[in-house]
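Participant: Here you go, one structure.
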Amino acid sequence: MRFNDDTITAISTPIGIGGIGIIRISGNDAEDIAKRIFKSKKKANSFKNFHLHLGNIVDPKTNIFIDEVLLSVMRAPFSYTRETVVEINSHSGYVILSHILQIILQSGARLAEPGEFTFRAFLNGRIDLTQAEAIVDLINAKSDKSLKFSVEQLNGSLKSHIKTTNTKVTHILAQIEASIDFPAEVSTAGLNATIIDYIKTNILRPLKVIADSYKQRKILYEGLNAAIVGRVNVGKSSILNRLLQEERAIVTPVPGTTRDIIEGTTSIKGIPIKFIDTAGIRKVSGIIEQRGVGLTKTQIKKADLILFVVDQSRVLNEYDLYLLNEIKERIFILVINKIDLPTRLSNKKIDSTFAGLSIVKVSALTGKGFSALADAIFSKIMEDKKDINNESIMPNLRHKVLLDQAIKHLKKIIMNLKADIPLEFIAEDLYHVKDNLNEITGEKVDDDILTDIFNTFCIGK
Ligand SMILES: Nc1nc2c(ncn2[C@@H]2O[C@H](COP(=O)(O)OP(=O)(O)OP(=O)(O)O)[C@@H](O)[C@H]2O)c(=O)[nH]1
Ligand SMILES: [Mg+2]
């Protein structure tokens, strides 16, 4: 995607039948095109900025009426793209919208590429690259928490941190360049130690804090995997269905019902969790079931959290104990299921076998215990990730890679300052740090990367 001054247009609402559909036009000719195709109900020679105008879309070639619409003009630079933007709210429906689009195209606009409106907002300096990325995150947000962080990033939380840090790097660079250029005038006594100190507290540490919060972002945006494991027939699939509140997995009284991996995602207190139902473990003869059990073992290895299910209406057997041994080093919750049935698993037995573990008793049949289970899942996750509620900035992978590079350069700078390496080399590395930071905000970034980012947008955004 490159800058050009074409006037662009696209349907900005999803295709399909709906209440209203919105077509957006952006660029120098937007207002002229609007004048050509729109007949206002009021006698007016020009559009009032930021007002809704009621009127008809009429094909200028054939004079055929298309639809009654509301049209607004947002003149440059106070618009999404900072160019003049016209938005037409029409009745939705594929035929109407594409007809209006056709007329706009015939009147001189070009079809926008995916993300091109936002790309222009970026090029025209209304938003930086982290904010453009936040828009994609916002649209794709799967939980309240990730939505909150996307909004903060869109408001410039990451951008302002990076910019402030960048100013500090420039400040150090200026000092260093001054002592390179005017060695006689600048006192260098103790300079290195002061600079090291300044870099550590004001640049390196804040960048590390942001880079570290990437882990949290991964959880909030992509969620966690929780595997449901247990011996055959303990009610794993029933538990999955309860958690997802739908009949995802087949449940039967026949042991060994689940052979494949069945999964579904739900959000627990704002954190997306993918629950994975697995084949029950038992001695296997049939080849399919052996494969199923193999898959279960793989899931145990991959999962961030394990729900280990036992059936309290039956006594523990060697398979329960075998599984307990398989998962004991992992993060897991013991789920004692079927509490609606008479118990054959005494508290004494539970205490002796499962001492010190997180235990939740449930009935997948009646739903009893499931809110306690959700609480337990949430606190298990939080035990490990205490910071999740304190973070305000969450870099994505692209930011994280660049932050790590900047951190690497900064560490090298500190080492070189300690070793009294000529300041020219220090300056060069500081420029690398600035490049890394500028790439995060998009002030200095390859076209390929921009294309990659804006390609993830939908048409009309
Ligand atoms: N009474 C009672 N029955 C349950 C409960 N949970 C599951 N069941 C029954 O137990 C049987 C097995 O349930 P599933 O959910 O298929 O068990 P599973 O662990 O997925 O079994 P496999 O896939 O064969 O390993 C079914 O008949 C369920 O209706 C429960 O809490 N109470
Ligand atoms: Mg099952």
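Labeling convention for the structure tokens: chains A, B, ... as they appear, residues from 1 per chain, ligands from 1 in order of appearance.
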Kindly work out which residues sit at most 9 Å from ligand 1, using only C-alpha atoms and all ligand atoms, and give the list as number ranges by chain.
Facilitator: A: 228-241, 249-259, 277-282, 309-311, 313, 336-341, 362-368
Participant: Where does DSSP see strand (DSSP E) in stretch 89-290 of chain A, if you list the residues as a PyMOL selection string?
Facilitator: chain A and resi 89-91+110-111+224-230+262-268+271-277
Participant: Given the choices A:Ile135, A:Cys458, A:Ile180, A:Val293, which gets closest to ligand 2 if the distance is worked out from only C-alpha atoms and all ligand atoms?
Facilitator: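 Result for the nearest residue to ligand 2: A:Val293.
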Participant: Would you return as a PyMOL selection string the members of stretch 170-236 of chain A that DSSP assigns to helix (DSSP H, G or I) on this structure's backbone?
Facilitator: chain A and resi 170-181+191-212+214-222+236
Participant: Extract, using only C-alpha atoms, all DNA, RNA and protein residues at most 6 Å from A:Arg344, discarding same-chain residues fewer than 3 positions from it, and format them as a short mmCIF file (atom, residue, chain, number, x, y, z; two decimals) with N, CA and C atoms, in the first residue's frame.
Facilitator:
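Produced file around_38.cif, reproduced below:
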data_model
loop_
_atom_site.label_atom_id
_atom_site.label_comp_id
_atom_site.auth_asym_id
_atom_site.auth_seq_id
_atom_site.Cartn_x
_atom_site.Cartn_y
_atom_site.Cartn_z
N GLN A 312 -16.66 -39.41 41.70
CA GLN A 312 -16.78 -39.77 43.11
C GLN A 312 -17.79 -40.90 43.33
N SER A 313 -18.50 -41.34 42.27
CA SER A 313 -19.44 -42.45 42.46
C SER A 313 -18.73 -43.79 42.26
N ARG A 314 -17.44 -43.70 41.97
CA ARG A 314 -16.68 -44.95 41.85
C ARG A 314 -15.38 -44.83 42.63
N VAL A 315 -14.84 -45.98 43.01
CA VAL A 315 -13.57 -45.90 43.75
C VAL A 315 -12.44 -45.56 42.79
#
Participant: Using only C-alpha atoms, which residue out of A:Ile331, A:Ile381, A:Val85, A:Asp32 lies closest to A:Ile219?
Facilitator: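 Once distances to A:Ile219 are computed over only C-alpha atoms, the minimum belongs to A:Ile381.
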Participant: Of the candidates A:Arg248, A:Lys218, A:Arg82, A:Lys283, which shows the shortest atom-to-atom distance to ligand 2, using only C-alpha atoms and all ligand atoms?
Facilitator: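 Checking each candidate against ligand 2, we get A:Arg248 as the closest.
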Participant: Could you name the residues that touch A:Arg330 at 8 Å or less, counting only C-alpha atoms, but leaving out those on the same chain fewer than 2 positions away, as a count of residues only?
Facilitator: 5
Participant: May I ask which of the residues A:Thr441, A:Thr194, A:Thr9, A:Asn317 is the closest one to A:Pro395, counting only C-alpha atoms?
Facilitator: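 Closest candidate: A:Thr441.
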Participant: I need the residue nearest ligand 2 from this list: A:Ile25, A:Ile413, A:Ile262, A:Val360. Use only C-alpha atoms and all ligand atoms for the distance.
Facilitator: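 Of all the options, A:Ile262 lies closest to ligand 2.
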Participant: So that I can see what lies close to A:Leu158, please list as a list in words the residues with an atom at most 7 Å from it, counting only C-alpha atoms and leaving out residues fewer than 5 positions away in the same chain.
Facilitator: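 What passes the distance filter is Thr130, Gln153 and Ile393 of chain A.
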Participant: Each residue of stretch 145-184 of chain A lying at most 12 Å from stretch 105-128 of chain A should get a row with its shortest atom-to-atom pair and the distance in Å to one decimal, counting only C-alpha atoms; could you produce that, ordered by chain and increasing number, as a tab-separated table?
Facilitator:
residue	atom	partner	partner_atom	distance
A:Gln153	CA	A:Asp128	CA	10.3
A:Leu154	CA	A:Ile127	CA	8.3
A:Asn155	CA	A:Ile127	CA	9.1
A:Gly156	CA	A:Asp128	CA	8.3
A:Ser157	CA	A:Asp128	CA	11.2
A:Leu158	CA	A:Asp128	CA	10.0
A:Lys159	CA	A:Asp128	CA	7.2
A:Ser160	CA	A:Asp128	CA	10.1
A:Ile162	CA	A:Asp128	CA	11.1
A:Lys163	CA	A:Asp128	CA	10.7
Participant: Those same residues - N, CA and C atoms - I'd like them written as a PDB file, in the first residue's frame.
Facilitator:
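File produced: result07.pdb:
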ATOM      1  N   GLN A 153      -4.581   1.418  24.157  1.00  0.00           N
ATOM      2  CA  GLN A 153      -3.526   1.540  23.149  1.00  0.00           C
ATOM      3  C   GLN A 153      -3.974   2.484  22.029  1.00  0.00           C
ATOM      4  N   LEU A 154      -5.238   2.404  21.696  1.00  0.00           N
ATOM      5  CA  LEU A 154      -5.775   3.299  20.671  1.00  0.00           C
ATOM      6  C   LEU A 154      -5.698   4.747  21.149  1.00  0.00           C
ATOM      7  N   ASN A 155      -5.879   4.932  22.446  1.00  0.00           N
ATOM      8  CA  ASN A 155      -5.776   6.282  22.999  1.00  0.00           C
ATOM      9  C   ASN A 155      -4.328   6.748  23.123  1.00  0.00           C
ATOM     10  N   GLY A 156      -3.398   5.866  22.790  1.00  0.00           N
ATOM     11  CA  GLY A 156      -2.003   6.305  22.731  1.00  0.00           C
ATOM     12  C   GLY A 156      -1.143   5.908  23.908  1.00  0.00           C
ATOM     13  N   SER A 157      -1.577   4.923  24.720  1.00  0.00           N
ATOM     14  CA  SER A 157      -0.786   4.552  25.898  1.00  0.00           C
ATOM     15  C   SER A 157       0.615   4.065  25.507  1.00  0.00           C
ATOM     16  N   LEU A 158       0.687   3.174  24.553  1.00  0.00           N
ATOM     17  CA  LEU A 158       1.994   2.644  24.153  1.00  0.00           C
ATOM     18  C   LEU A 158       2.792   3.720  23.415  1.00  0.00           C
ATOM     19  N   LYS A 159       2.101   4.402  22.525  1.00  0.00           N
ATOM     20  CA  LYS A 159       2.748   5.456  21.738  1.00  0.00           C
ATOM     21  C   LYS A 159       3.433   6.474  22.644  1.00  0.00           C
ATOM     22  N   SER A 160       2.724   6.944  23.687  1.00  0.00           N
ATOM     23  CA  SER A 160       3.312   8.016  24.487  1.00  0.00           C
ATOM     24  C   SER A 160       4.491   7.489  25.305  1.00  0.00           C
ATOM     25  N   ILE A 162       6.563   5.104  24.374  1.00  0.00           N
ATOM     26  CA  ILE A 162       7.689   4.930  23.461  1.00  0.00           C
ATOM     27  C   ILE A 162       8.263   6.298  23.087  1.00  0.00           C
ATOM     28  N   LYS A 163       7.397   7.253  22.858  1.00  0.00           N
ATOM     29  CA  LYS A 163       7.877   8.594  22.473  1.00  0.00           C
ATOM     30  C   LYS A 163       8.675   9.239  23.604  1.00  0.00           C
TER      31      LYS A 163
END
Participant: Contacts of A:Glu329 at 12 Å or less, counting only C-alpha atoms, minus same-chain residues fewer than 3 places along, as a compact mmCIF listing (two decimals) with all heavy atoms, in the first residue's frame?
Facilitator:
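The resulting out_35.txt:
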# COMPACT_ATOMS: atom_id res chain seq x y z
N ILE A 300 -1.85 -32.93 27.44
CA ILE A 300 -1.36 -32.68 28.81
C ILE A 300 -0.08 -31.86 28.75
O ILE A 300 0.12 -30.93 29.50
CB ILE A 300 -1.13 -34.02 29.56
CG1 ILE A 300 -2.47 -34.70 29.84
CG2 ILE A 300 -0.35 -33.79 30.85
CD1 ILE A 300 -2.36 -36.07 30.48
N LYS A 301 0.77 -32.20 27.80
CA LYS A 301 2.04 -31.47 27.68
C LYS A 301 1.82 -30.03 27.24
O LYS A 301 2.49 -29.12 27.68
CB LYS A 301 2.95 -32.17 26.65
CG LYS A 301 3.58 -33.43 27.17
CD LYS A 301 4.88 -33.73 26.41
CE LYS A 301 5.34 -35.14 26.70
NZ LYS A 301 4.76 -36.14 25.78
N ASP A 304 -1.97 -25.11 29.27
CA ASP A 304 -1.53 -24.15 30.29
C ASP A 304 -2.11 -24.54 31.64
O ASP A 304 -1.58 -24.20 32.69
CB ASP A 304 -2.02 -22.75 29.94
CG ASP A 304 -1.50 -22.28 28.60
OD1 ASP A 304 -0.27 -22.16 28.47
OD2 ASP A 304 -2.31 -22.07 27.68
N LEU A 305 -3.24 -25.23 31.59
CA LEU A 305 -3.93 -25.60 32.82
C LEU A 305 -4.63 -26.94 32.55
O LEU A 305 -5.09 -27.19 31.44
CB LEU A 305 -4.97 -24.52 33.14
CG LEU A 305 -5.96 -24.82 34.27
CD1 LEU A 305 -5.26 -24.73 35.61
CD2 LEU A 305 -7.13 -23.82 34.24
N ILE A 306 -4.69 -27.79 33.58
CA ILE A 306 -5.36 -29.08 33.40
C ILE A 306 -6.50 -29.22 34.39
O ILE A 306 -6.34 -28.89 35.58
CB ILE A 306 -4.34 -30.23 33.58
CG1 ILE A 306 -3.32 -30.18 32.43
CG2 ILE A 306 -5.02 -31.59 33.63
CD1 ILE A 306 -2.07 -30.95 32.67
N LEU A 323 -2.78 -41.13 35.94
CA LEU A 323 -2.93 -39.77 35.41
C LEU A 323 -2.43 -38.72 36.39
O LEU A 323 -1.78 -37.76 35.99
CB LEU A 323 -4.40 -39.50 35.10
CG LEU A 323 -4.81 -39.84 33.68
CD1 LEU A 323 -6.31 -39.78 33.53
CD2 LEU A 323 -4.15 -38.90 32.69
N LEU A 324 -2.76 -38.93 37.65
CA LEU A 324 -2.30 -37.99 38.67
C LEU A 324 -0.78 -37.86 38.59
O LEU A 324 -0.22 -36.76 38.66
CB LEU A 324 -2.72 -38.48 40.07
CG LEU A 324 -2.29 -37.60 41.23
CD1 LEU A 324 -2.92 -36.22 41.14
CD2 LEU A 324 -2.66 -38.24 42.57
N ASN A 325 -0.14 -38.98 38.39
CA ASN A 325 1.30 -38.98 38.29
C ASN A 325 1.78 -38.24 37.03
O ASN A 325 2.79 -37.53 37.06
CB ASN A 325 1.79 -40.43 38.29
CG ASN A 325 3.28 -40.51 38.54
OD1 ASN A 325 3.77 -39.87 39.47
ND2 ASN A 325 3.98 -41.23 37.70
N GLU A 326 1.02 -38.41 35.94
CA GLU A 326 1.39 -37.74 34.66
C GLU A 326 1.32 -36.22 34.77
O GLU A 326 2.05 -35.51 34.10
CB GLU A 326 0.43 -38.17 33.55
CG GLU A 326 0.64 -39.56 33.00
CD GLU A 326 1.79 -39.63 32.01
OE1 GLU A 326 1.71 -38.93 30.98
OE2 GLU A 326 2.75 -40.38 32.28
N PHE A 332 -2.72 -27.69 37.76
CA PHE A 332 -3.98 -28.39 37.55
C PHE A 332 -4.96 -28.20 38.69
O PHE A 332 -4.60 -27.78 39.79
CB PHE A 332 -3.73 -29.89 37.28
CG PHE A 332 -3.34 -30.68 38.50
CD1 PHE A 332 -4.30 -31.39 39.21
CD2 PHE A 332 -2.03 -30.73 38.92
CE1 PHE A 332 -3.95 -32.13 40.34
CE2 PHE A 332 -1.66 -31.47 40.03
CZ PHE A 332 -2.63 -32.17 40.75
N ILE A 333 -6.22 -28.48 38.38
CA ILE A 333 -7.27 -28.45 39.39
C ILE A 333 -7.90 -29.84 39.40
O ILE A 333 -8.17 -30.40 38.33
CB ILE A 333 -8.35 -27.40 39.03
CG1 ILE A 333 -7.76 -25.99 39.06
CG2 ILE A 333 -9.56 -27.50 39.96
CD1 ILE A 333 -8.67 -24.92 38.48
N LEU A 357 -3.96 -30.26 47.19
CA LEU A 357 -4.31 -29.87 45.82
C LEU A 357 -5.53 -28.96 45.81
O LEU A 357 -6.31 -28.93 46.76
CB LEU A 357 -4.60 -31.11 44.98
CG LEU A 357 -3.48 -32.14 44.91
CD1 LEU A 357 -3.89 -33.31 44.03
CD2 LEU A 357 -2.20 -31.51 44.37
Participant: If you count only C-alpha atoms, which residues fall within 7 Å of A:Lys444, apart from same-chain ones fewer than 3 positions away, as a count of residues only?
Facilitator: 3
Participant: From the options A:Asn140, A:Leu101, A:Ala372, A:Lys200, which residue's atoms come nearest to A:Phe457, counting only C-alpha atoms?
Facilitator: A:Asn140
